[in-house]
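The structure file work28.txt is reproduced below (compact mmCIF, C-alpha atoms).
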```
# COMPACT_ATOMS: atom_id res chain seq x y z
CA MET A 431 14.79 -9.63 -14.31
CA PRO A 432 16.11 -6.50 -12.52
CA LEU A 433 15.84 -6.66 -8.75
CA LYS A 434 13.43 -3.75 -8.36
CA SER A 435 10.94 -5.42 -10.71
CA TYR A 436 10.28 -8.29 -8.27
CA GLU A 437 6.59 -7.49 -7.96
CA HIS A 438 3.61 -9.72 -8.55
CA CYS A 439 1.45 -7.25 -10.46
CA CYS A 440 1.34 -4.06 -12.53
CA SER A 441 -0.12 -0.78 -11.32
CA THR A 442 -3.38 -1.50 -13.19
CA MET A 443 -3.94 -4.67 -11.19
CA GLN A 444 -3.36 -2.91 -7.89
CA ALA A 445 -5.66 -0.02 -8.85
CA MET A 446 -8.33 -2.53 -9.82
CA ALA A 447 -8.08 -4.39 -6.51
CA SER A 448 -8.22 -1.19 -4.45
CA LEU A 449 -11.11 0.45 -6.33
CA GLY A 450 -13.07 -2.79 -6.27
CA LYS A 451 -13.38 -2.59 -2.49
CA ILE A 452 -15.26 0.72 -2.62
CA GLU A 453 -19.06 0.57 -2.72
CA GLY A 454 -20.51 2.88 -5.36
CA VAL A 455 -17.43 2.75 -7.59
CA ILE A 456 -16.99 0.60 -10.70
CA PRO A 457 -13.62 0.51 -12.49
CA ILE A 458 -13.50 -0.13 -16.23
CA LEU A 459 -10.37 -1.58 -17.77
CA HIS A 460 -9.59 0.07 -21.09
CA ALA A 461 -7.35 -2.73 -22.25
CA PRO A 462 -6.95 -5.68 -24.65
CA GLN A 463 -8.32 -9.09 -23.71
CA PRO A 464 -5.01 -10.64 -22.49
CA CYS A 465 -4.54 -7.74 -20.06
CA ILE A 466 -8.11 -8.00 -18.78
CA TYR A 467 -7.83 -11.76 -18.27
CA GLU A 468 -4.56 -11.52 -16.33
CA ILE A 469 -5.90 -8.76 -14.08
CA GLN A 470 -9.16 -10.60 -13.45
CA ILE A 471 -7.28 -13.73 -12.37
CA GLY A 472 -4.57 -11.82 -10.51
CA THR A 473 -7.01 -9.88 -8.34
CA MET A 474 -9.27 -12.77 -7.35
CA CYS A 475 -7.42 -13.40 -4.09
CA CYS A 476 -7.57 -9.77 -2.89
CA ARG A 477 -10.92 -8.37 -3.97
CA PRO A 478 -14.58 -8.96 -3.16
CA SER A 479 -16.28 -11.58 -5.30
CA ARG A 480 -18.83 -9.02 -6.48
CA LEU A 481 -16.16 -6.90 -8.21
CA LEU A 482 -17.05 -6.50 -11.86
CA THR A 483 -14.09 -6.85 -14.19
CA MET A 484 -15.50 -4.59 -16.88
CA GLY A 485 -13.33 -4.12 -19.95
CA THR A 486 -13.39 -2.62 -23.40
CA LEU A 487 -11.67 -5.59 -25.09
CA ILE A 488 -9.46 -3.64 -27.46
CA GLU A 489 -8.90 -5.73 -30.60
CA ARG A 490 -6.17 -5.62 -33.24
CA GLY A 491 -8.06 -3.29 -35.55
CA GLU A 492 -8.70 -0.85 -32.72
CA ILE A 493 -5.00 -0.73 -31.89
CA ILE A 494 -4.56 0.73 -35.37
CA PHE A 495 -7.71 2.84 -35.73
CA GLY A 496 -8.49 3.53 -32.06
CA GLY A 497 -10.97 2.13 -29.56
CA GLU A 498 -12.60 5.29 -28.25
CA GLU A 499 -16.07 4.36 -29.51
CA ASN A 500 -15.77 0.99 -27.80
CA LEU A 501 -14.84 2.70 -24.55
CA LYS A 502 -17.77 5.10 -24.89
CA ARG A 503 -20.22 2.22 -25.36
CA GLN A 504 -18.88 0.39 -22.33
CA ILE A 505 -19.15 3.44 -20.06
CA VAL A 506 -22.75 3.96 -21.11
CA ASN A 507 -23.50 0.24 -20.67
CA VAL A 508 -22.07 0.18 -17.13
CA TYR A 509 -23.96 3.36 -16.24
CA HIS A 510 -27.37 2.07 -17.37
CA THR A 511 -26.87 -1.47 -16.05
CA TYR A 512 -25.37 -0.87 -12.58
CA HIS A 513 -26.08 2.82 -11.79
CA PRO A 514 -22.76 3.49 -9.99
CA LYS A 515 -21.97 6.83 -8.41
CA VAL A 516 -18.47 6.83 -9.88
CA ILE A 517 -16.88 5.12 -12.88
CA VAL A 518 -13.08 5.05 -13.06
CA VAL A 519 -11.51 4.23 -16.42
CA LEU A 520 -8.16 2.49 -15.96
CA ASN A 521 -6.27 3.56 -19.04
CA THR A 522 -3.68 0.82 -19.65
CA CYS A 523 -0.49 0.57 -21.69
CA VAL A 524 -1.91 -0.13 -25.17
CA PRO A 525 -4.40 2.78 -25.35
CA GLN A 526 -1.73 5.07 -23.93
CA LEU A 527 0.71 3.96 -26.65
CA ILE A 528 -1.75 4.70 -29.44
CA GLY A 529 -2.81 8.02 -27.91
CA GLU A 530 -6.45 7.33 -26.99
CA ASP A 531 -8.28 10.49 -25.90
CA VAL A 532 -9.90 9.08 -22.76
CA LYS A 533 -10.45 12.53 -21.29
CA GLY A 534 -12.29 13.56 -24.46
CA VAL A 535 -14.53 10.48 -24.33
CA ILE A 536 -15.51 11.31 -20.75
CA GLU A 537 -16.20 14.93 -21.67
CA ASP A 538 -18.48 13.84 -24.55
CA LEU A 539 -20.57 11.71 -22.17
CA LYS A 540 -21.05 14.29 -19.44
CA GLU A 541 -24.61 15.22 -20.36
CA GLU A 542 -25.71 11.61 -20.83
CA LEU A 543 -24.50 10.28 -17.49
CA LYS A 544 -26.71 12.14 -15.04
CA GLY A 545 -25.94 11.36 -11.40
CA CYS A 546 -22.69 9.54 -12.21
CA LYS A 547 -19.19 10.98 -12.21
CA VAL A 548 -16.56 9.56 -14.55
CA THR A 549 -12.82 9.89 -14.04
CA TYR A 550 -9.71 8.06 -15.23
CA CYS A 551 -6.11 7.32 -14.39
CA ASP A 552 -3.18 6.21 -16.53
CA THR A 553 -1.94 2.90 -15.17
CA GLY A 554 0.72 0.58 -16.54
CA PHE A 555 4.25 1.71 -17.49
CA LYS A 556 5.12 1.92 -13.79
CA TYR A 557 6.15 -1.65 -13.16
CA PRO A 558 9.12 -1.20 -10.79
CA ILE A 559 6.91 0.51 -8.17
CA ALA A 560 3.67 -0.93 -9.48
CA MET A 561 1.71 -1.78 -6.34
CA ALA A 562 2.37 1.46 -4.51
CA THR A 563 1.89 3.61 -7.62
CA GLY A 564 -1.34 1.83 -8.54
CA ASN A 565 -2.85 2.80 -5.21
CA ASP A 566 -1.81 6.44 -5.26
CA ILE A 567 -2.93 7.20 -8.82
CA CYS A 568 -6.31 5.50 -8.45
CA TRP A 569 -7.09 7.40 -5.23
CA ALA A 570 -5.98 10.65 -6.86
CA SER A 571 -8.44 10.01 -9.69
CA ILE A 572 -11.24 9.70 -7.12
CA VAL A 573 -10.23 13.01 -5.55
CA ASP A 574 -10.47 14.66 -8.98
CA ILE A 575 -14.26 14.24 -9.07
CA MET A 576 -14.98 15.03 -5.42
CA GLU A 577 -16.93 18.10 -4.40
CA PRO A 578 -15.28 19.96 -1.49
CA HIS A 579 -17.27 20.05 1.75
CA GLN A 580 -17.22 22.69 4.46
CA ARG A 581 -14.13 22.26 6.59
CA MET A 582 -14.47 21.12 10.20
CA ASP A 583 -11.90 23.02 12.24
CA GLY A 584 -9.74 20.85 14.46
CA SER A 585 -10.56 17.65 12.56
CA ILE A 586 -8.10 15.03 11.38
CA GLY A 587 -8.06 13.23 8.03
CA LEU A 588 -6.22 9.91 7.94
CA LEU A 589 -4.98 8.90 4.46
CA GLY A 590 -4.25 5.23 3.87
CA ARG A 591 -2.37 3.33 1.20
CA SER A 592 -4.60 0.59 -0.20
CA GLY A 593 -8.22 -0.55 -0.16
CA THR A 594 -7.24 -2.86 2.70
CA ASP A 595 -6.64 0.19 4.88
CA ALA A 596 -10.36 0.99 4.83
CA GLY A 597 -10.78 -1.68 7.51
CA ALA A 598 -7.56 -0.96 9.38
CA PHE A 599 -8.03 2.61 10.61
CA SER A 600 -9.62 1.46 13.86
CA SER A 601 -6.17 0.81 15.34
CA LEU A 602 -5.74 4.60 15.26
CA THR A 603 -9.24 6.07 15.28
CA THR A 604 -10.00 4.37 18.61
CA PHE A 605 -7.66 6.86 20.27
CA LEU A 606 -9.02 9.85 18.35
CA ARG A 607 -12.56 8.92 19.35
CA GLU A 608 -11.57 8.60 22.99
CA ALA A 609 -9.98 12.05 22.85
CA ASP A 610 -13.12 13.55 21.24
CA ILE A 611 -11.19 14.47 18.09
CA PRO A 612 -13.35 14.52 14.93
CA TYR A 613 -11.79 12.50 12.10
CA PHE A 614 -12.33 11.32 8.55
CA THR A 615 -10.69 8.39 6.79
CA PHE A 616 -9.68 7.80 3.20
CA PRO A 617 -10.16 5.28 1.64
CA ALA A 618 -13.44 4.12 3.13
CA SER A 619 -15.87 1.34 2.32
CA HIS A 620 -18.29 3.66 0.46
CA ILE A 621 -17.64 6.56 -1.88
CA ASP A 622 -19.90 8.85 0.19
CA GLU A 623 -17.62 8.32 3.20
CA MET A 624 -14.52 8.90 1.13
CA GLU A 625 -15.78 12.30 -0.04
CA LYS A 626 -15.91 13.51 3.56
CA ILE A 627 -12.11 13.69 3.61
CA THR A 628 -12.42 17.19 2.13
CA ARG A 629 -13.85 18.32 5.49
CA ALA A 630 -10.59 17.56 7.30
CA HIS A 631 -8.55 20.44 8.71
CA PHE A 632 -5.30 18.47 8.98
CA LEU A 633 -4.32 15.52 6.76
CA TYR A 634 -2.13 12.81 8.27
CA PRO A 635 -0.96 10.17 5.75
CA ILE A 636 -0.38 6.86 7.55
CA HIS A 637 1.95 5.52 4.86
CA VAL A 638 4.48 6.84 2.37
CA VAL A 639 2.31 5.92 -0.64
CA PRO A 640 -0.51 8.54 -0.88
CA TYR A 641 1.65 11.56 -1.75
CA LEU A 642 -0.18 12.55 -4.95
CA THR A 643 -3.54 11.84 -3.26
CA SER A 644 -2.80 14.05 -0.27
CA LYS A 645 -1.52 16.81 -2.53
CA LYS A 646 -4.74 16.80 -4.57
CA ILE A 647 -6.96 16.76 -1.46
CA SER A 648 -5.01 19.69 -0.03
CA GLU A 649 -5.37 21.66 -3.26
CA LYS A 650 -9.10 21.01 -3.36
CA SER A 651 -9.93 21.69 0.30
CA SER A 652 -6.98 23.75 1.62
CA ALA A 653 -6.34 21.07 4.25
CA LEU A 654 -2.87 21.14 5.83
CA VAL A 655 -0.77 18.04 5.12
CA ASN A 656 1.33 16.83 8.05
CA TYR A 657 3.42 13.78 7.27
CA SER A 658 4.67 12.52 10.62
CA GLU A 659 5.70 8.90 10.08
CA ILE A 660 4.11 5.52 9.51
CA PRO A 661 2.31 4.46 12.72
CA SER A 662 3.82 0.97 12.78
CA GLY A 663 5.59 -0.56 15.74
CA VAL A 664 5.02 0.62 19.29
CA GLU A 665 7.32 3.65 19.20
CA GLY A 666 6.18 4.64 15.72
CA THR A 667 2.50 4.46 16.66
CA THR A 668 3.11 6.48 19.82
CA ARG A 669 5.02 9.22 18.01
CA PHE A 670 2.34 9.41 15.31
CA LEU A 671 -0.51 9.82 17.81
CA ARG A 672 1.45 12.29 19.91
CA SER A 673 2.16 14.41 16.83
CA ILE A 674 -1.61 14.76 16.37
CA ALA A 675 -2.04 15.51 20.07
CA ASP A 676 0.58 18.26 19.84
CA GLN A 677 -0.99 19.65 16.67
CA LEU A 678 -4.39 19.99 18.35
CA GLY A 679 -3.18 20.61 21.89
CA SER A 680 -5.12 17.53 23.05
CA GLN A 681 -4.17 16.35 26.54
CA LYS A 682 -6.89 13.68 26.26
CA LEU A 683 -5.03 12.06 23.38
CA HIS A 684 -1.73 12.21 25.26
CA ASP A 685 -3.44 10.56 28.24
CA ALA A 686 -4.90 7.80 26.06
CA VAL A 687 -1.43 7.08 24.61
CA ASP A 688 0.11 7.08 28.11
CA ARG A 689 -2.44 4.50 29.26
CA GLU A 690 -1.89 2.27 26.23
CA GLU A 691 1.88 2.40 26.55
CA LYS A 692 1.69 1.49 30.23
CA GLU A 693 -0.41 -1.54 29.35
CA ILE A 694 1.49 -2.77 26.32
CA MET A 695 5.16 -2.06 27.11
CA PRO A 696 5.73 -5.05 29.46
CA HIS A 697 4.53 -7.37 26.68
CA TRP A 698 6.56 -5.53 24.05
CA ASP A 699 9.70 -5.67 26.19
CA SER A 700 9.30 -9.43 26.57
CA VAL A 701 9.15 -9.79 22.78
CA LYS A 702 12.32 -7.73 22.52
CA VAL A 703 14.02 -10.17 24.88
CA THR A 704 13.09 -13.03 22.54
CA PHE A 705 14.62 -11.17 19.60
CA SER A 706 17.78 -10.40 21.58
CA LYS A 707 18.31 -14.12 22.15
CA LYS A 708 18.11 -14.79 18.41
CA PRO A 709 19.61 -11.76 16.63
CA LEU A 710 18.39 -11.43 13.05
CA ARG A 711 19.59 -9.85 9.83
CA VAL A 712 16.50 -9.01 7.76
CA LEU A 713 16.40 -8.00 4.09
CA HIS A 714 13.34 -6.21 2.65
CA SER A 715 13.04 -6.06 -1.12
CA GLY A 716 10.08 -5.07 -3.30
CA GLY A 717 6.35 -4.94 -2.67
CA PRO A 718 3.68 -2.33 -1.85
CA ALA A 719 6.12 -0.07 0.06
CA SER A 720 5.68 -2.32 3.09
CA GLU A 721 9.45 -2.42 3.49
CA PHE A 722 9.20 0.90 5.35
CA SER A 723 6.54 -0.21 7.84
CA MET A 724 7.52 -3.85 8.36
CA GLY A 725 11.17 -2.90 8.48
CA LYS A 726 10.37 -0.40 11.21
CA ILE A 727 8.68 -3.03 13.39
CA LEU A 728 11.57 -5.48 13.09
CA ALA A 729 14.19 -2.78 13.63
CA GLU A 730 12.38 -1.61 16.77
CA LEU A 731 12.49 -5.19 18.02
CA GLY A 732 16.26 -5.23 17.58
CA ALA A 733 16.76 -6.86 14.19
CA GLU A 734 19.43 -5.54 11.82
CA VAL A 735 17.43 -4.38 8.81
CA PHE A 736 18.57 -3.91 5.20
CA LEU A 737 16.03 -2.22 2.98
CA VAL A 738 15.64 -1.70 -0.78
CA PRO A 739 13.25 1.29 -1.01
CA THR A 740 10.52 1.14 -3.65
CA MET A 741 9.47 4.78 -3.32
CA LYS A 742 11.36 8.06 -3.31
CA ASN A 743 8.58 10.65 -2.95
CA PRO A 744 8.82 13.31 -0.19
CA PHE A 745 6.97 11.10 2.30
CA ALA A 746 9.37 8.22 1.65
CA LYS A 747 12.33 10.53 2.15
CA LYS A 748 11.00 11.62 5.56
CA GLU A 749 10.33 8.03 6.60
CA ARG A 750 13.81 7.10 5.48
CA GLU A 751 15.24 9.72 7.83
CA VAL A 752 13.24 8.24 10.72
CA LEU A 753 14.42 4.71 9.99
CA ALA A 754 18.06 5.69 9.53
CA GLU A 755 18.31 7.97 12.56
CA ARG A 756 16.19 6.09 15.11
CA TYR A 757 16.68 2.47 14.06
CA ARG A 758 19.97 2.48 12.09
CA VAL A 759 18.31 0.81 9.11
CA THR A 760 20.67 0.28 6.15
CA PHE A 761 19.26 1.45 2.81
CA ILE A 762 20.39 -0.27 -0.39
CA ASP A 763 20.32 2.23 -3.24
CA GLU A 764 22.71 0.61 -5.70
CA GLU A 765 21.32 -1.53 -8.52
CA PHE A 766 21.52 -5.34 -8.41
CA ASP A 767 20.76 -7.79 -11.19
CA THR A 768 19.12 -10.44 -9.00
CA LEU A 769 18.03 -11.03 -5.44
CA SER A 770 20.80 -13.62 -5.16
CA ASP A 771 23.35 -10.80 -5.42
CA LEU A 772 21.87 -9.20 -2.32
CA LEU A 773 21.92 -12.50 -0.47
CA ASP A 774 25.61 -12.90 -1.27
CA THR A 775 26.38 -9.37 -0.10
CA TYR A 776 24.29 -9.05 3.07
CA HIS A 777 23.78 -12.68 4.19
CA PRO A 778 20.30 -12.17 5.72
CA ASP A 779 18.66 -14.68 8.04
CA VAL A 780 15.24 -13.85 6.65
CA VAL A 781 13.99 -12.11 3.49
CA PHE A 782 10.80 -10.15 2.73
CA THR A 783 10.20 -10.21 -1.01
CA GLU A 784 7.58 -10.95 -3.67
CA PHE A 785 6.55 -14.26 -5.20
CA GLN A 786 9.09 -13.95 -8.02
CA GLY A 787 11.91 -13.45 -5.54
CA GLN A 788 10.96 -16.39 -3.33
CA ILE A 789 12.43 -18.94 -5.74
CA GLU A 790 15.86 -17.38 -5.26
CA VAL A 791 15.60 -17.27 -1.47
CA THR A 792 14.34 -20.75 -0.63
CA PRO A 793 17.32 -22.70 -2.06
CA ARG A 794 19.57 -20.54 0.12
CA PHE A 795 17.84 -21.79 3.27
CA ALA A 796 16.63 -18.36 4.34
CA PRO A 797 12.95 -18.06 5.31
CA ALA A 798 11.02 -15.96 2.77
CA PHE A 799 8.01 -13.80 3.66
CA ILE A 800 5.79 -12.44 0.87
CA ASN A 801 5.39 -8.67 1.20
CA MET A 802 1.86 -8.47 -0.18
CA MET A 803 0.66 -10.63 2.74
CA TYR A 804 1.64 -7.94 5.25
CA LEU A 805 -0.71 -5.00 4.79
CA ALA A 806 -2.65 -2.89 7.28
CA GLU A 807 0.44 -3.03 9.50
CA TYR A 808 -0.53 -0.17 11.81
CA GLY A 809 -0.92 0.27 15.54
CA TYR A 810 0.10 -1.41 18.74
CA ASP A 811 -1.76 -4.70 18.39
CA PHE A 812 -0.40 -5.55 14.94
CA ALA A 813 3.18 -4.94 16.10
CA LEU A 814 2.72 -7.05 19.23
CA ASP A 815 1.06 -9.96 17.43
CA PHE A 816 3.63 -9.88 14.66
CA GLY A 817 6.55 -9.84 17.09
CA ARG A 818 5.16 -12.64 19.24
CA ASN A 819 4.65 -14.96 16.26
CA PHE A 820 7.57 -14.02 14.05
CA HIS A 821 10.16 -16.58 15.12
CA GLU A 822 7.63 -19.38 14.94
CA ALA A 823 6.56 -18.25 11.47
CA MET A 824 10.18 -18.33 10.30
CA LYS A 825 10.29 -22.11 10.70
CA GLY A 826 14.01 -21.75 11.28
CA HIS A 827 14.32 -25.28 12.65
CA VAL A 828 13.06 -26.67 9.35
CA TYR A 829 15.71 -24.83 7.35
CA ARG A 830 18.44 -25.79 9.80
CA LYS A 831 17.47 -29.44 9.49
CA TRP A 832 17.64 -29.28 5.71
CA GLU A 833 21.05 -27.64 5.92
CA GLU A 834 22.30 -30.48 8.11
CA LEU A 835 20.97 -33.11 5.71
CA LEU A 836 22.53 -31.46 2.67
CA LYS A 837 25.86 -31.00 4.38
CA ARG A 838 25.81 -34.63 5.39
CA TYR A 839 24.91 -36.11 2.01
CA LYS A 840 25.95 -33.49 -0.56
CA GLY A 841 28.64 -31.41 1.11
CA ASN A 842 28.42 -27.63 1.25
CA PRO A 843 24.82 -26.59 0.29
CA TYR A 844 26.11 -23.26 -1.01
CA GLY A 845 28.85 -24.76 -3.16
```
In structure tokens, write the structure found in this file.
Amino acid sequence: MPLKSYEHCCSTMQAMASLGKIEGVIPILHAPQPCIYEIQIGTMCCRPSRLLTMGTLIERGEIIFGGEENLKRQIVNVYHTYHPKVIVVLNTCVPQLIGEDVKGVIEDLKEELKGCKVTYCDTGFKYPIAMATGNDICWASIVDIMEPHQRMDGSIGLLGRSGTDAGAFSSLTTFLREADIPYFTFPASHIDEMEKITRAHFLYPIHVVPYLTSKKISEKSSALVNYSEIPSGVEGTTRFLRSIADQLGSQKLHDAVDREEKEIMPHWDSVKVTFSKKPLRVLHSGGPASEFSMGKILAELGAEVFLVPTMKNPFAKKEREVLAERYRVTFIDEEFDTLSDLLDTYHPDVVFTEFQGQIEVTPRFAPAFINMMYLAEYGYDFALDFGRNFHEAMKGHVYRKWEELLKRYKGNPYG
């Protein structure tokens, strides 16, 4: 398996998990039964239990003759049974291959589905950057059916990456509220809240992922997109908030950041001392683009970071410049066949990867962290908690003990 395919899900699965967290939205999987089953099982650990895994159950005959009528019946069934505000059809690999006219099906049902908006996105076929892509394309499909609201001058719109971010904005909005800056967040827990993003004057993406989403919002509402950087780590969070303060000329926001820095920096400096006593080489590979944000935190703490980027959109390119210039992060752009090749080349002390990559890391006695477990990585508190607990979470003493035992009884563990 190529290195950059070390991900635990396809873009359909990630879109399903993200959309399922939004009240008023029901996603429908236009897919064959094996695909629906895998996605239902795969999303159980990261979605609310009430999420309906609705599917069209494409069968063999429909692969030949088309399953558009089946899709039409399922949309109507979901509409009459659950009365959602929005239905999103996730158009998967098989119907894309046979050329299903999903857009035409939706158009045919417009008059019948009063009070409900139907949209779709083409998922699948994007496996190497599946998790990140799944988020961006599903949010963009939501923007497609939004009605623009009247703009609120001087307001800020924060654009997140995944459905998890709907509960993570408080690490940033606390400061905006204190500075009396009106703000809107996207995604949010309810579709009505999400639609308010079209009122924002300035859009500030908080991750590299929502490039297509921010572009569509800007086109619909004429909001100005300002990608600053991911607000992860102490320095990154400060620079992000100060960029908003400079944009709006808000001394109140600058003052709030000054106060927070004064309070948190002694604790942050003590964590840096801990890292300086145990220098680390960290490799980030794969996942929901968290290599940019988690890599930033570790690099700020003094670790030597090697990073395989999953995204190359304009936001990712800007974040890459920040990481390279400020933190001397090393980017790995060349192709590798396996994760083991990277371990042989860079000799990391710790690896951030996906489940599939963990089996290559553990026998090499390097602690492995699963990328998908580190989401909502924004703000001062996350960085401080992560830094304080990182060395303990590594369980380095366990690996060192195993190394000693293997050397004693089997010789060189790497031989």
Quiz item: Counting all atoms listed in the file, what is within 12 Å of Asp699 in chain A, bar same-chain residues fewer than 6 positions away, as a PyMOL selection string?
Solution: chain A and resi 664-665+691-693+705-706+730-732+814+817-818
Can those selected residues be exported to a file as a PDB file, keeping the file's coordinate frame so that it contains C-alpha atoms?
```
ATOM      1  CA  VAL A 664       5.020   0.620  19.290  1.00  0.00           C
ATOM      2  CA  GLU A 665       7.320   3.650  19.200  1.00  0.00           C
ATOM      3  CA  GLU A 691       1.880   2.400  26.550  1.00  0.00           C
ATOM      4  CA  LYS A 692       1.690   1.490  30.230  1.00  0.00           C
ATOM      5  CA  GLU A 693      -0.410  -1.540  29.350  1.00  0.00           C
ATOM      6  CA  PHE A 705      14.620 -11.170  19.600  1.00  0.00           C
ATOM      7  CA  SER A 706      17.780 -10.400  21.580  1.00  0.00           C
ATOM      8  CA  GLU A 730      12.380  -1.610  16.770  1.00  0.00           C
ATOM      9  CA  LEU A 731      12.490  -5.190  18.020  1.00  0.00           C
ATOM     10  CA  GLY A 732      16.260  -5.230  17.580  1.00  0.00           C
ATOM     11  CA  LEU A 814       2.720  -7.050  19.230  1.00  0.00           C
ATOM     12  CA  GLY A 817       6.550  -9.840  17.090  1.00  0.00           C
ATOM     13  CA  ARG A 818       5.160 -12.640  19.240  1.00  0.00           C
TER      14      ARG A 818
END
```
Determine, using only C-alpha atoms, which residues of range 610-629 of chain A have any atom at most 12 Å from an atom of range 674-678 of chain A, and tabulate each with its shortest atom pair and distance in Å to one decimal place, rows ordered by chain and then rising number, as CSV.
```
residue,atom,partner,partner_atom,distance
A:Asp610,CA,A:Leu678,CA,11.2
A:Ile611,CA,A:Leu678,CA,8.8
A:Pro612,CA,A:Leu678,CA,11.0
A:Tyr613,CA,A:Ile674,CA,11.3
```
Self-check item: For Thr704 in chain A: contacts at 12 Å, all atoms listed in the file, fewer than 3 positions along chain excluded, given as number ranges by chain
Solution: A: 697-701, 707-710, 731-733, 817-822
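Proximity to Leu642 in chain A was assessed for A:Leu606, A:Ala823, A:Ile586, A:Ile567 counting only C-alpha atoms; the smallest distance is recorded for A:Ile567.
For the atom pair formed by CA of Ile636 in chain A and CA of Glu659 in chain A, the distance is 6.9 Å, given to one decimal.
Relative to CA of Thr603 in chain A, CA of Arg669 in chain A is found at 14.9 Å.
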Quiz item: So how far away is CA of Ile452 in chain A from CA of Ala596 in chain A, in Å?
Solution: 8.9 Å
Quiz prompt | Val828 in chain A surroundings by only C-alpha atoms, 12 Å radius, close-in-sequence under 6 positions cut, as an MDAnalysis selection string | solution = chainID A and resid 792 795:797 821:822 834:835
Exercise. Mind listing whatever residues come within 8 Å of the point (-3.8, 5.8, -9.3)? Use all atoms listed in the file, file coordinates, and give them as a ChimeraX atom specification.
Key: /A:441,445,551-553,563-571
Self-check item: Spatial sel., origin (-6.4, 6.4, 6.5), limit 10 Å, only C-alpha atoms, listed as an MDAnalysis selection string
Solution: chainID A and resid 587:593 595:600 602:603 613:618 627 633:637 640
Please identify every residue of range 699-727 of chain A that has at least one atom no farther than 10 Å from an atom of range 748-764 of chain A, counting only C-alpha atoms, and for each give the shortest atom pair and the distance in Å to one decimal, arranged by chain then increasing number, as JSON lines.
```
{"residue": "A:Leu713", "atom": "CA", "partner": "A:Thr760", "partner_atom": "CA", "distance": 9.5}
{"residue": "A:His714", "atom": "CA", "partner": "A:Phe761", "partner_atom": "CA", "distance": 9.7}
{"residue": "A:Ser715", "atom": "CA", "partner": "A:Ile762", "partner_atom": "CA", "distance": 9.4}
{"residue": "A:Phe722", "atom": "CA", "partner": "A:Glu749", "partner_atom": "CA", "distance": 7.3}
{"residue": "A:Ser723", "atom": "CA", "partner": "A:Glu749", "partner_atom": "CA", "distance": 9.2}
{"residue": "A:Gly725", "atom": "CA", "partner": "A:Val759", "partner_atom": "CA", "distance": 8.1}
{"residue": "A:Lys726", "atom": "CA", "partner": "A:Leu753", "partner_atom": "CA", "distance": 6.6}
{"residue": "A:Ile727", "atom": "CA", "partner": "A:Tyr757", "partner_atom": "CA", "distance": 9.7}
```
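Distance check against Gly554 in chain A using only C-alpha atoms: of A:Glu577, A:Tyr657, A:Cys465, A:Ser651, the minimum falls on A:Cys465.
For the choices A:Tyr641, A:Tyr808, A:Tyr550, A:Phe632, the atom-to-atom distance to Ile660 in chain A is smallest for A:Tyr808 when using only C-alpha atoms.
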Please, what is the axis-aligned box for every listed atom of range 530-534 of chain A with 3 Å on each side, as centre and edge lengths in Å to one decimal, as JSON?
```
{"center_x": -9.4, "center_y": 10.4, "center_z": -24.1, "size_x": 11.8, "size_y": 12.2, "size_z": 11.7}
```
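Comparing the minimum interatomic distances between Asp685 in chain A and each of A:Ala609, A:Ile536, A:Val655, A:Val735, counting all atoms listed in the file, we find that A:Ala609 sits nearest.
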Emit range 734-746 of chain A of the structure in the block as a file comprising C-alpha atoms, as a compact mmCIF listing (two decimals), in the first residue's frame.
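See out08.txt below for the written result:
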```txt
# COMPACT_ATOMS: atom_id res chain seq x y z
CA GLU A 734 12.38 18.22 15.35
CA VAL A 735 9.40 17.59 13.09
CA PHE A 736 9.25 15.70 9.78
CA LEU A 737 5.96 16.02 7.97
CA VAL A 738 4.31 14.25 5.01
CA PRO A 739 1.66 16.77 3.84
CA THR A 740 -1.75 15.38 2.88
CA MET A 741 -3.02 18.60 1.30
CA LYS A 742 -1.61 21.02 -1.25
CA ASN A 743 -4.39 23.60 -1.61
CA PRO A 744 -3.56 27.33 -1.23
CA PHE A 745 -4.25 27.25 2.52
CA ALA A 746 -1.89 24.30 2.96
```
